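Participant: Enclosed is the structure file model-v3.cif (mmCIF, C-alpha atoms and all ligand atoms).
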data_coords
#
loop_
_atom_site.group_PDB
_atom_site.id
_atom_site.type_symbol
_atom_site.label_atom_id
_atom_site.label_comp_id
_atom_site.auth_asym_id
_atom_site.auth_seq_id
_atom_site.Cartn_x
_atom_site.Cartn_y
_atom_site.Cartn_z
ATOM 1 C CA THR Y 70 131.665 120.123 128.450
ATOM 2 C CA THR Y 71 133.097 116.638 128.157
ATOM 3 C CA ILE Y 72 132.322 114.432 131.127
ATOM 4 C CA ASN Y 73 133.647 111.004 131.896
ATOM 5 C CA LEU Y 74 130.397 109.288 132.829
ATOM 6 C CA GLU Y 75 131.977 106.431 134.749
ATOM 7 C CA LYS Y 76 133.851 108.864 136.995
ATOM 8 C CA PHE Y 77 130.740 111.025 137.285
ATOM 9 C CA CYS Y 78 128.696 108.027 138.501
ATOM 10 C CA ARG Y 79 131.340 106.845 140.966
ATOM 11 C CA ASP Y 80 131.771 110.351 142.425
ATOM 12 C CA LEU Y 81 128.015 110.814 142.671
ATOM 13 C CA ILE Y 82 127.550 107.543 144.559
ATOM 14 C CA GLU Y 83 130.325 108.464 146.967
ATOM 15 C CA GLU Y 84 128.812 111.889 147.573
ATOM 16 C CA PHE Y 85 125.330 110.444 147.990
ATOM 17 C CA SER Y 86 126.440 107.709 150.398
ATOM 18 C CA THR Y 87 128.174 110.244 152.668
ATOM 19 C CA LEU Y 88 125.155 112.578 152.615
ATOM 20 C CA GLU Y 89 122.622 109.898 153.525
ATOM 21 C CA SER Y 90 123.114 108.463 156.988
ATOM 22 C CA SER Y 91 121.102 105.277 156.468
ATOM 23 C CA CYS Y 92 121.526 104.637 152.768
ATOM 24 C CA PRO Y 93 121.070 101.149 151.285
ATOM 25 C CA GLU Y 94 124.195 99.779 149.636
ATOM 26 C CA ILE Y 95 124.670 101.057 146.075
ATOM 27 C CA ILE Y 96 126.310 98.622 143.664
ATOM 28 C CA PHE Y 97 127.715 100.298 140.558
ATOM 29 C CA THR Y 98 128.551 98.465 137.337
ATOM 30 C CA CYS Y 99 130.076 100.059 134.254
ATOM 31 C CA HIS Y 100 129.675 97.960 131.091
ATOM 32 C CA SER Y 101 131.798 100.137 128.780
ATOM 33 C CA ASP Y 102 135.434 101.208 128.429
ATOM 34 C CA LYS Y 103 134.773 104.493 126.681
ATOM 35 C CA THR Y 104 132.374 106.655 128.671
ATOM 36 C CA ASP Y 105 133.149 110.215 127.599
ATOM 37 C CA ALA Y 106 130.098 112.340 126.791
ATOM 38 C CA VAL Y 107 129.154 115.939 126.093
ATOM 39 C CA MET Y 108 126.426 116.733 128.598
ATOM 40 C CA ASP Y 109 125.562 119.298 131.229
ATOM 41 C CA GLU Y 110 127.121 118.042 134.457
ATOM 42 C CA VAL Y 111 124.916 120.159 136.726
ATOM 43 C CA LEU Y 112 121.685 118.843 135.172
ATOM 44 C CA LEU Y 113 123.052 115.303 135.196
ATOM 45 C CA HIS Y 114 123.794 115.675 138.890
ATOM 46 C CA TYR Y 115 120.202 116.788 139.667
ATOM 47 C CA LEU Y 116 118.858 113.948 137.577
ATOM 48 C CA PHE Y 117 120.693 111.110 139.295
ATOM 49 C CA ILE Y 118 120.682 112.542 142.821
ATOM 50 C CA ASN Y 119 116.888 112.520 142.575
ATOM 51 C CA LEU Y 120 116.698 108.959 141.213
ATOM 52 C CA LEU Y 121 119.117 107.672 143.878
ATOM 53 C CA SER Y 122 117.283 109.580 146.582
ATOM 54 C CA ASN Y 123 113.989 107.955 145.574
ATOM 55 C CA ALA Y 124 115.583 104.505 145.361
ATOM 56 C CA ALA Y 125 116.940 104.965 148.906
ATOM 57 C CA LYS Y 126 113.824 106.591 150.372
ATOM 58 C CA TYR Y 127 111.412 103.943 149.072
ATOM 59 C CA SER Y 128 113.569 100.954 150.099
ATOM 60 C CA HIS Y 129 114.366 99.194 153.345
ATOM 61 C CA GLU Y 130 117.778 99.896 154.800
ATOM 62 C CA ASN Y 131 119.135 96.407 154.148
ATOM 63 C CA ALA Y 132 118.029 96.362 150.492
ATOM 64 C CA LYS Y 133 120.466 97.014 147.665
ATOM 65 C CA ILE Y 134 120.432 99.584 144.884
ATOM 66 C CA GLN Y 135 121.947 98.606 141.528
ATOM 67 C CA PHE Y 136 123.245 101.451 139.396
ATOM 68 C CA SER Y 137 124.665 100.673 135.966
ATOM 69 C CA LEU Y 138 126.085 102.539 133.002
ATOM 70 C CA THR Y 139 126.392 101.362 129.401
ATOM 71 C CA CYS Y 140 127.678 103.574 126.609
ATOM 72 C CA ASN Y 141 126.680 102.423 123.151
ATOM 73 C CA LEU Y 142 128.970 104.085 120.618
ATOM 74 C CA LEU Y 143 127.012 102.644 117.663
ATOM 75 C CA THR Y 144 123.753 104.298 118.680
ATOM 76 C CA GLY Y 145 125.553 107.221 120.352
ATOM 77 C CA THR Y 146 123.703 106.794 123.630
ATOM 78 C CA ALA Y 147 124.414 106.337 127.311
ATOM 79 C CA ILE Y 148 122.048 104.029 129.168
ATOM 80 C CA PHE Y 149 121.805 104.451 132.934
ATOM 81 C CA ARG Y 150 119.819 102.023 135.082
ATOM 82 C CA VAL Y 151 118.807 102.682 138.684
ATOM 83 C CA GLN Y 152 117.172 99.618 140.192
ATOM 84 C CA ASP Y 153 115.917 99.218 143.731
ATOM 85 C CA GLN Y 154 114.339 96.444 145.784
ATOM 86 C CA GLY Y 155 111.870 98.781 147.435
ATOM 87 C CA ILE Y 156 108.121 99.177 147.772
ATOM 88 C CA GLY Y 157 107.432 99.579 144.047
ATOM 89 C CA ILE Y 158 104.922 101.809 142.241
ATOM 90 C CA PRO Y 159 101.331 100.607 141.695
ATOM 91 C CA GLU Y 160 100.613 100.208 137.980
ATOM 92 C CA THR Y 161 97.791 102.793 137.970
ATOM 93 C CA ASP Y 162 100.145 105.432 139.435
ATOM 94 C CA GLN Y 163 103.056 104.823 137.056
ATOM 95 C CA GLU Y 164 101.902 107.154 134.277
ATOM 96 C CA LYS Y 165 101.271 110.029 136.728
ATOM 97 C CA ILE Y 166 104.444 110.092 138.828
ATOM 98 C CA PHE Y 167 106.128 112.667 136.562
ATOM 99 C CA ASP Y 168 103.295 115.148 137.284
ATOM 100 C CA SER Y 169 104.015 117.938 139.796
ATOM 101 C CA PHE Y 170 103.008 117.084 143.386
ATOM 102 C CA TYR Y 171 101.804 113.590 142.411
ATOM 103 C CA ARG Y 172 102.616 110.864 144.923
ATOM 104 C CA ALA Y 173 101.521 107.229 144.661
ATOM 105 C CA SER Y 174 98.949 105.741 147.033
ATOM 106 C CA ASN Y 175 101.519 103.492 148.759
ATOM 107 C CA VAL Y 176 103.883 106.305 149.918
ATOM 108 C CA GLN Y 177 101.469 108.471 151.902
ATOM 109 C CA SER Y 178 103.242 107.635 155.209
ATOM 110 C CA ILE Y 179 106.653 108.640 153.784
ATOM 111 C CA PRO Y 180 107.300 112.397 153.518
ATOM 112 C CA GLY Y 181 107.881 113.999 150.107
ATOM 113 C CA ASN Y 182 106.665 116.758 147.795
ATOM 114 C CA GLY Y 183 106.190 114.942 144.510
ATOM 115 C CA LEU Y 184 108.666 117.208 142.728
ATOM 116 C CA GLY Y 185 111.873 115.183 142.373
ATOM 117 C CA LEU Y 186 110.735 113.411 139.208
ATOM 118 C CA VAL Y 187 109.604 116.716 137.681
ATOM 119 C CA ILE Y 188 113.243 117.829 137.902
ATOM 120 C CA VAL Y 189 114.379 114.460 136.558
ATOM 121 C CA LYS Y 190 112.055 114.749 133.542
ATOM 122 C CA ARG Y 191 113.213 118.324 132.824
ATOM 123 C CA CYS Y 192 116.867 117.195 132.832
ATOM 124 C CA VAL Y 193 116.108 114.220 130.558
ATOM 125 C CA ASP Y 194 114.103 116.389 128.130
ATOM 126 C CA ALA Y 195 116.831 119.061 128.056
ATOM 127 C CA HIS Y 196 119.223 116.391 126.761
ATOM 128 C CA LYS Y 197 116.621 115.016 124.303
ATOM 129 C CA GLY Y 198 116.712 111.723 126.157
ATOM 130 C CA LYS Y 199 114.068 109.338 127.435
ATOM 131 C CA ILE Y 200 113.160 107.738 130.731
ATOM 132 C CA GLU Y 201 111.296 104.475 131.271
ATOM 133 C CA ILE Y 202 109.900 102.837 134.405
ATOM 134 C CA SER Y 203 109.410 99.215 135.189
ATOM 135 C CA SER Y 204 108.036 98.529 138.638
ATOM 136 C CA GLN Y 205 106.208 95.948 140.691
ATOM 137 C CA VAL Y 206 104.719 96.574 144.130
ATOM 138 C CA GLY Y 207 106.684 94.769 146.826
ATOM 139 C CA VAL Y 208 109.452 93.779 144.401
ATOM 140 C CA GLY Y 209 111.118 96.995 143.279
ATOM 141 C CA THR Y 210 111.525 99.655 140.653
ATOM 142 C CA LEU Y 211 113.811 100.142 137.674
ATOM 143 C CA PHE Y 212 114.323 103.538 136.046
ATOM 144 C CA THR Y 213 116.125 103.414 132.673
ATOM 145 C CA VAL Y 214 117.486 106.714 131.371
ATOM 146 C CA THR Y 215 118.801 106.894 127.797
ATOM 147 C CA LEU Y 216 120.716 110.042 126.824
ATOM 148 C CA PRO Y 217 122.498 110.965 123.594
ATOM 149 C CA LEU Y 218 126.281 111.032 124.147
ATOM 150 C CA ASN Y 219 126.628 114.407 122.435
ATOM 151 C CA GLN Y 220 123.747 116.659 123.366
ATOM 152 C CA LEU Y 221 124.218 119.875 125.258
ATOM 153 C CA PRO Y 222 120.972 120.957 126.927
ATOM 154 C CA VAL Y 223 118.238 122.653 124.939
ATOM 155 C CA ASN Y 224 115.655 124.946 126.511
ATOM 156 C CA SER Y 225 112.584 123.089 127.708
HETATM 157 P P1 LIG Y 301 110.380 114.794 146.516
HETATM 158 O O1 LIG Y 301 109.811 115.992 145.839
HETATM 159 O O2 LIG Y 301 110.945 115.057 147.864
HETATM 160 O O3 LIG Y 301 111.317 114.022 145.637
HETATM 161 P P2 LIG Y 301 108.721 112.467 146.165
HETATM 162 O O4 LIG Y 301 109.855 111.503 146.281
HETATM 163 O O5 LIG Y 301 107.399 112.045 146.698
HETATM 164 O O6 LIG Y 301 109.107 113.858 146.834
HETATM 165 P P3 LIG Y 301 109.107 112.290 143.297
HETATM 166 O O7 LIG Y 301 110.559 112.035 143.482
HETATM 167 O O8 LIG Y 301 108.688 113.227 142.215
HETATM 168 O O9 LIG Y 301 108.459 112.855 144.638
HETATM 169 O O10 LIG Y 301 108.382 110.913 143.051
HETATM 170 C C1 LIG Y 301 106.971 110.913 142.790
HETATM 171 C C2 LIG Y 301 106.346 109.634 143.301
HETATM 172 O O11 LIG Y 301 106.802 108.539 142.520
HETATM 173 C C3 LIG Y 301 106.726 109.274 144.720
HETATM 174 O O12 LIG Y 301 105.945 109.961 145.661
HETATM 175 C C4 LIG Y 301 106.476 107.781 144.735
HETATM 176 O O13 LIG Y 301 105.084 107.535 144.834
HETATM 177 C C5 LIG Y 301 106.894 107.380 143.335
HETATM 178 N N1 LIG Y 301 108.298 106.888 143.273
HETATM 179 C C6 LIG Y 301 109.335 107.508 142.670
HETATM 180 N N2 LIG Y 301 110.459 106.767 142.731
HETATM 181 C C7 LIG Y 301 110.105 105.640 143.383
HETATM 182 C C8 LIG Y 301 110.824 104.458 143.765
HETATM 183 N N3 LIG Y 301 112.116 104.281 143.466
HETATM 184 N N4 LIG Y 301 110.132 103.483 144.428
HETATM 185 C C9 LIG Y 301 108.819 103.628 144.704
HETATM 186 N N5 LIG Y 301 108.094 104.726 144.389
HETATM 187 C C10 LIG Y 301 108.731 105.717 143.729
HETATM 188 MG MG MG Y 302 111.725 112.048 145.316
#
What do you get writing this file as structure tokens?
Facilitator:
Amino acid sequence: TTINLEKFCRDLIEEFSTLESSCPEIIFTCHSDKTDAVMDEVLLHYLFINLLSNAAKYSHENAKIQFSLTCNLLTGTAIFRVQDQGIGIPETDQEKIFDSFYRASNVQSIPGNGLGLVIVKRCVDAHKGKIEISSQVGVGTLFTVTLPLNQLPVNS
């Protein structure tokens, strides 16, 4: 189905902010006028709820979360960025965090199952997209998700 990604992002942030009692402020920026895409809205919802939930869980309450959307019609891709000012991911853990039940050494006092990013990866793969991490301990984490604008999910 056709989804307006800007509306999808704004609705998601509103839903997420009402669900979470002590959520850091989420600042959304849309860099494109045309943001229609053919994607699976349910999978997209799982994907970004999990990224926002991590950004909130691994940040202090007074930190900010930046969420941005750019649609590139020339390359036919949507680029989503979720950036937090939280605890960060140690470099040695970064390649393993998409593995089931894997949790980094600096989050052991914070509850979690190590499964959210497994769902995220499945949703990205189903859309033939990619996900990249850039993170520094004590500074924050940036997840960049690039998805084709016209890709209904494939089995993965
Ligand atoms: P849950 O299954 O409830 O989501 P979880 O958050 O521990 O538990 P994942 O979402 O899969 O599991 O994340 C895996 C690990 O990646 C986390 O335990 C944490 O170490 C690291 N991580 C993910 N996102 C962030 C983030 N934004 N900031 C810091 N660490 C993160
Ligand atoms: Mg999680």
Participant: Step by step, measure atom-to-atom distances between ligand LIG 301 (chain Y) and each residue using all atoms listed in the file, keep those at most 7 Å, then write them as a compact mmCIF listing (two decimals) with C-alpha atoms, keeping the file's coordinate frame.
Facilitator:
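As a result, out32.txt now contains:
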# COMPACT_ATOMS: atom_id res chain seq x y z
CA ASN Y 119 116.89 112.52 142.57
CA LEU Y 120 116.70 108.96 141.21
CA ASN Y 123 113.99 107.96 145.57
CA ALA Y 124 115.58 104.50 145.36
CA TYR Y 127 111.41 103.94 149.07
CA ASP Y 153 115.92 99.22 143.73
CA GLY Y 155 111.87 98.78 147.44
CA ILE Y 156 108.12 99.18 147.77
CA GLY Y 157 107.43 99.58 144.05
CA ILE Y 158 104.92 101.81 142.24
CA ILE Y 166 104.44 110.09 138.83
CA PHE Y 167 106.13 112.67 136.56
CA PHE Y 170 103.01 117.08 143.39
CA TYR Y 171 101.80 113.59 142.41
CA ARG Y 172 102.62 110.86 144.92
CA ALA Y 173 101.52 107.23 144.66
CA SER Y 174 98.95 105.74 147.03
CA ASN Y 175 101.52 103.49 148.76
CA VAL Y 176 103.88 106.30 149.92
CA PRO Y 180 107.30 112.40 153.52
CA GLY Y 181 107.88 114.00 150.11
CA ASN Y 182 106.66 116.76 147.79
CA GLY Y 183 106.19 114.94 144.51
CA LEU Y 184 108.67 117.21 142.73
CA GLY Y 185 111.87 115.18 142.37
CA LEU Y 186 110.74 113.41 139.21
CA VAL Y 187 109.60 116.72 137.68
CA GLY Y 209 111.12 97.00 143.28
CA THR Y 210 111.52 99.66 140.65
Participant: Could you check which of Y:Ala147, Y:Leu218, Y:Val189, Y:Val223 is closest to ligand MG 302 (chain Y), using all atoms listed in the file?
Facilitator: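 Checking each candidate against ligand MG 302 (chain Y), we get Y:Val189 as the closest.
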Participant: Nearest residue to ligand MG 302 (chain Y) out of Y:Phe85, Y:Phe149, Y:Phe97, Y:Phe117, using all atoms listed in the file?
Facilitator: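 Checking each candidate against ligand MG 302 (chain Y), we get Y:Phe117 as the closest.
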Participant: Do a neighbour search on Y:Glu110 at 8 Å with all atoms listed in the file, toss out local chain neighbours closer than 2 positions, and write the hits as a PyMOL selection string.
Facilitator: chain Y and resi 70+72+108+112-114
Participant: List, as a PyMOL selection string, every residue that the PyMOL selection byres (((chain Y and resi 222) around 9) and not hetatm) selects in the file provided.
Facilitator: chain Y and resi 108-109+112+192+194-197+220-221+223-225
Participant: Those residues you just picked out, can you put them in a file as a short mmCIF file (atom, residue, chain, number, x, y, z; two decimals), in the frame of the given file with C-alpha atoms?
Facilitator:
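Okay, selection19.cif is ready:
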data_model
loop_
_atom_site.label_atom_id
_atom_site.label_comp_id
_atom_site.auth_asym_id
_atom_site.auth_seq_id
_atom_site.Cartn_x
_atom_site.Cartn_y
_atom_site.Cartn_z
CA MET Y 108 126.43 116.73 128.60
CA ASP Y 109 125.56 119.30 131.23
CA LEU Y 112 121.68 118.84 135.17
CA CYS Y 192 116.87 117.20 132.83
CA ASP Y 194 114.10 116.39 128.13
CA ALA Y 195 116.83 119.06 128.06
CA HIS Y 196 119.22 116.39 126.76
CA LYS Y 197 116.62 115.02 124.30
CA GLN Y 220 123.75 116.66 123.37
CA LEU Y 221 124.22 119.88 125.26
CA VAL Y 223 118.24 122.65 124.94
CA ASN Y 224 115.66 124.95 126.51
CA SER Y 225 112.58 123.09 127.71
#
Participant: Rounded to one decimal place, report the atom CA of Y:Glu130-atom CA of Y:Lys76 distance in Å.
Facilitator: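 Computed distance, atom CA of Y:Glu130 to atom CA of Y:Lys76, equals 25.6 Å.
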Participant: Closest to ligand MG 302 (chain Y) among Y:Ile179, Y:Thr146, Y:Ile95, Y:Thr104, using only C-alpha atoms and all ligand atoms?
Facilitator: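 Comparing Y:Ile179, Y:Thr146, Y:Ile95, Y:Thr104 against ligand MG 302 (chain Y), the winner is Y:Ile179.
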Participant: Check the smallest atom-to-atom distance from each of Y:Ser128, Y:Leu121, Y:Leu116, Y:Cys140 to Y:Cys99 using all atoms listed in the file, then report the winner.
Facilitator: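 Result for the nearest residue to Y:Cys99: Y:Cys140.
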Participant: List the neighbours of Y:Arg150 out to 8 Å using all atoms listed in the file; skip same-chain residues closer than 3 positions along the sequence, and give me the result as a list of chain:residue names.
Facilitator: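 Those residues are Y:Gln135, Y:Phe136, Y:Ser137, Y:Leu138, Y:Leu211, Y:Phe212, Y:Thr213, Y:Val214.
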Participant: Hey, which of Y:Ser86, Y:Asn141, Y:Asn73, Y:Ser169 ends up closest to ligand MG 302 (chain Y)? Count all atoms listed in the file.
Facilitator: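 Closest to ligand MG 302 (chain Y), using all atoms listed in the file: Y:Ser169.
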Participant: So what do you get for atom CA of Y:Glu201 versus atom CA of Y:Asp168, distance-wise?
Facilitator: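 Interatomic distance, atom CA of Y:Glu201 to atom CA of Y:Asp168: 14.6 Å.
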Participant: Which is closest to Y:Lys103 among Y:Gly207, Y:Gly145, Y:Gly198, Y:Pro159, if we use all atoms listed in the file?
Facilitator: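 Checking each of Y:Gly207, Y:Gly145, Y:Gly198, Y:Pro159 against Y:Lys103, counting all atoms listed in the file, the winner is Y:Gly145.
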Participant: Could you check how far atom CA of Y:Cys78 sits from atom CA of Y:Ile96, in Å to one decimal?
Facilitator: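 We find that atom CA of Y:Cys78 and atom CA of Y:Ile96 lie 11.0 Å from each other.
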Participant: Starting from 6 Å padding per side, set up an axis-aligned box that covers all listed atoms of stretch 130-136 of chain Y and hand over centre and edge lengths in Å, one decimal, as lines of an AutoDock Vina configuration file.
Facilitator:
center_x = 120.5
center_y = 98.9
center_z = 147.1
size_x = 17.5
size_y = 17.1
size_z = 27.4
Participant: N, CA and C atoms for stretch 172-206 of chain Y, written as a PDB file, keeping the file's coordinate frame, could you do that?
Facilitator:
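The new file part_21.pdb reads:
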ATOM      1  N   ARG Y 172     101.965 111.910 144.129  1.00  0.00           N
ATOM      2  CA  ARG Y 172     102.616 110.864 144.923  1.00  0.00           C
ATOM      3  C   ARG Y 172     101.722 109.635 144.910  1.00  0.00           C
ATOM      4  N   ALA Y 173     102.313 108.459 144.777  1.00  0.00           N
ATOM      5  CA  ALA Y 173     101.521 107.229 144.661  1.00  0.00           C
ATOM      6  C   ALA Y 173     100.812 106.915 145.975  1.00  0.00           C
ATOM      7  N   SER Y 174      99.782 106.071 145.873  1.00  0.00           N
ATOM      8  CA  SER Y 174      98.949 105.741 147.033  1.00  0.00           C
ATOM      9  C   SER Y 174      99.721 104.996 148.123  1.00  0.00           C
ATOM     10  N   ASN Y 175     100.795 104.301 147.761  1.00  0.00           N
ATOM     11  CA  ASN Y 175     101.519 103.492 148.759  1.00  0.00           C
ATOM     12  C   ASN Y 175     102.663 104.237 149.446  1.00  0.00           C
ATOM     13  N   VAL Y 176     102.785 105.570 149.260  1.00  0.00           N
ATOM     14  CA  VAL Y 176     103.883 106.305 149.918  1.00  0.00           C
ATOM     15  C   VAL Y 176     103.365 107.385 150.870  1.00  0.00           C
ATOM     16  N   GLN Y 177     102.061 107.375 151.132  1.00  0.00           N
ATOM     17  CA  GLN Y 177     101.469 108.471 151.902  1.00  0.00           C
ATOM     18  C   GLN Y 177     102.087 108.615 153.302  1.00  0.00           C
ATOM     19  N   SER Y 178     102.635 107.546 153.871  1.00  0.00           N
ATOM     20  CA  SER Y 178     103.242 107.635 155.209  1.00  0.00           C
ATOM     21  C   SER Y 178     104.709 108.073 155.156  1.00  0.00           C
ATOM     22  N   ILE Y 179     105.256 108.220 153.948  1.00  0.00           N
ATOM     23  CA  ILE Y 179     106.653 108.640 153.784  1.00  0.00           C
ATOM     24  C   ILE Y 179     106.652 110.083 153.279  1.00  0.00           C
ATOM     25  N   PRO Y 180     107.373 111.007 153.945  1.00  0.00           N
ATOM     26  CA  PRO Y 180     107.300 112.397 153.518  1.00  0.00           C
ATOM     27  C   PRO Y 180     107.907 112.658 152.135  1.00  0.00           C
ATOM     28  N   GLY Y 181     107.385 113.636 151.434  1.00  0.00           N
ATOM     29  CA  GLY Y 181     107.881 113.999 150.107  1.00  0.00           C
ATOM     30  C   GLY Y 181     106.958 115.026 149.479  1.00  0.00           C
ATOM     31  N   ASN Y 182     107.447 115.691 148.432  1.00  0.00           N
ATOM     32  CA  ASN Y 182     106.665 116.758 147.795  1.00  0.00           C
ATOM     33  C   ASN Y 182     106.128 116.386 146.423  1.00  0.00           C
ATOM     34  N   GLY Y 183     106.621 115.300 145.864  1.00  0.00           N
ATOM     35  CA  GLY Y 183     106.190 114.942 144.510  1.00  0.00           C
ATOM     36  C   GLY Y 183     106.808 115.834 143.447  1.00  0.00           C
ATOM     37  N   LEU Y 184     108.017 116.309 143.693  1.00  0.00           N
ATOM     38  CA  LEU Y 184     108.666 117.208 142.728  1.00  0.00           C
ATOM     39  C   LEU Y 184     109.977 116.670 142.158  1.00  0.00           C
ATOM     40  N   GLY Y 185     110.580 115.697 142.831  1.00  0.00           N
ATOM     41  CA  GLY Y 185     111.873 115.183 142.373  1.00  0.00           C
ATOM     42  C   GLY Y 185     111.848 114.705 140.933  1.00  0.00           C
ATOM     43  N   LEU Y 186     110.802 113.967 140.567  1.00  0.00           N
ATOM     44  CA  LEU Y 186     110.735 113.411 139.208  1.00  0.00           C
ATOM     45  C   LEU Y 186     110.396 114.475 138.164  1.00  0.00           C
ATOM     46  N   VAL Y 187     109.833 115.605 138.610  1.00  0.00           N
ATOM     47  CA  VAL Y 187     109.604 116.716 137.681  1.00  0.00           C
ATOM     48  C   VAL Y 187     110.967 117.263 137.242  1.00  0.00           C
ATOM     49  N   ILE Y 188     111.869 117.391 138.200  1.00  0.00           N
ATOM     50  CA  ILE Y 188     113.243 117.829 137.902  1.00  0.00           C
ATOM     51  C   ILE Y 188     113.929 116.801 137.002  1.00  0.00           C
ATOM     52  N   VAL Y 189     113.774 115.539 137.349  1.00  0.00           N
ATOM     53  CA  VAL Y 189     114.379 114.460 136.558  1.00  0.00           C
ATOM     54  C   VAL Y 189     113.930 114.544 135.100  1.00  0.00           C
ATOM     55  N   LYS Y 190     112.620 114.698 134.899  1.00  0.00           N
ATOM     56  CA  LYS Y 190     112.055 114.749 133.542  1.00  0.00           C
ATOM     57  C   LYS Y 190     112.582 115.967 132.782  1.00  0.00           C
ATOM     58  N   ARG Y 191     112.684 117.110 133.466  1.00  0.00           N
ATOM     59  CA  ARG Y 191     113.213 118.324 132.824  1.00  0.00           C
ATOM     60  C   ARG Y 191     114.653 118.104 132.347  1.00  0.00           C
ATOM     61  N   CYS Y 192     115.460 117.444 133.186  1.00  0.00           N
ATOM     62  CA  CYS Y 192     116.867 117.195 132.832  1.00  0.00           C
ATOM     63  C   CYS Y 192     116.972 116.220 131.665  1.00  0.00           C
ATOM     64  N   VAL Y 193     116.112 115.197 131.658  1.00  0.00           N
ATOM     65  CA  VAL Y 193     116.108 114.220 130.558  1.00  0.00           C
ATOM     66  C   VAL Y 193     115.679 114.907 129.258  1.00  0.00           C
ATOM     67  N   ASP Y 194     114.608 115.690 129.321  1.00  0.00           N
ATOM     68  CA  ASP Y 194     114.103 116.389 128.130  1.00  0.00           C
ATOM     69  C   ASP Y 194     115.131 117.377 127.582  1.00  0.00           C
ATOM     70  N   ALA Y 195     115.836 118.075 128.484  1.00  0.00           N
ATOM     71  CA  ALA Y 195     116.831 119.061 128.056  1.00  0.00           C
ATOM     72  C   ALA Y 195     117.936 118.406 127.230  1.00  0.00           C
ATOM     73  N   HIS Y 196     118.201 117.121 127.505  1.00  0.00           N
ATOM     74  CA  HIS Y 196     119.223 116.391 126.761  1.00  0.00           C
ATOM     75  C   HIS Y 196     118.623 115.570 125.618  1.00  0.00           C
ATOM     76  N   LYS Y 197     117.338 115.776 125.342  1.00  0.00           N
ATOM     77  CA  LYS Y 197     116.621 115.016 124.303  1.00  0.00           C
ATOM     78  C   LYS Y 197     116.730 113.507 124.547  1.00  0.00           C
ATOM     79  N   GLY Y 198     116.615 113.130 125.799  1.00  0.00           N
ATOM     80  CA  GLY Y 198     116.712 111.723 126.157  1.00  0.00           C
ATOM     81  C   GLY Y 198     115.353 111.139 126.467  1.00  0.00           C
ATOM     82  N   LYS Y 199     115.344 109.927 127.024  1.00  0.00           N
ATOM     83  CA  LYS Y 199     114.068 109.338 127.435  1.00  0.00           C
ATOM     84  C   LYS Y 199     114.244 108.606 128.768  1.00  0.00           C
ATOM     85  N   ILE Y 200     113.125 108.446 129.456  1.00  0.00           N
ATOM     86  CA  ILE Y 200     113.160 107.738 130.731  1.00  0.00           C
ATOM     87  C   ILE Y 200     112.009 106.741 130.766  1.00  0.00           C
ATOM     88  N   GLU Y 201     112.308 105.530 131.214  1.00  0.00           N
ATOM     89  CA  GLU Y 201     111.296 104.475 131.271  1.00  0.00           C
ATOM     90  C   GLU Y 201     111.248 103.886 132.679  1.00  0.00           C
ATOM     91  N   ILE Y 202     110.059 103.462 133.088  1.00  0.00           N
ATOM     92  CA  ILE Y 202     109.900 102.837 134.405  1.00  0.00           C
ATOM     93  C   ILE Y 202     109.443 101.399 134.219  1.00  0.00           C
ATOM     94  N   SER Y 203     109.955 100.553 135.094  1.00  0.00           N
ATOM     95  CA  SER Y 203     109.410  99.215 135.189  1.00  0.00           C
ATOM     96  C   SER Y 203     109.345  98.933 136.681  1.00  0.00           C
ATOM     97  N   SER Y 204     108.164  98.640 137.188  1.00  0.00           N
ATOM     98  CA  SER Y 204     108.036  98.529 138.638  1.00  0.00           C
ATOM     99  C   SER Y 204     106.960  97.540 139.027  1.00  0.00           C
ATOM    100  N   GLN Y 205     107.191  96.881 140.156  1.00  0.00           N
ATOM    101  CA  GLN Y 205     106.208  95.948 140.691  1.00  0.00           C
ATOM    102  C   GLN Y 205     106.124  96.158 142.198  1.00  0.00           C
ATOM    103  N   VAL Y 206     104.918  96.330 142.696  1.00  0.00           N
ATOM    104  CA  VAL Y 206     104.719  96.574 144.130  1.00  0.00           C
ATOM    105  C   VAL Y 206     105.296  95.420 144.943  1.00  0.00           C
TER     106      VAL Y 206
END
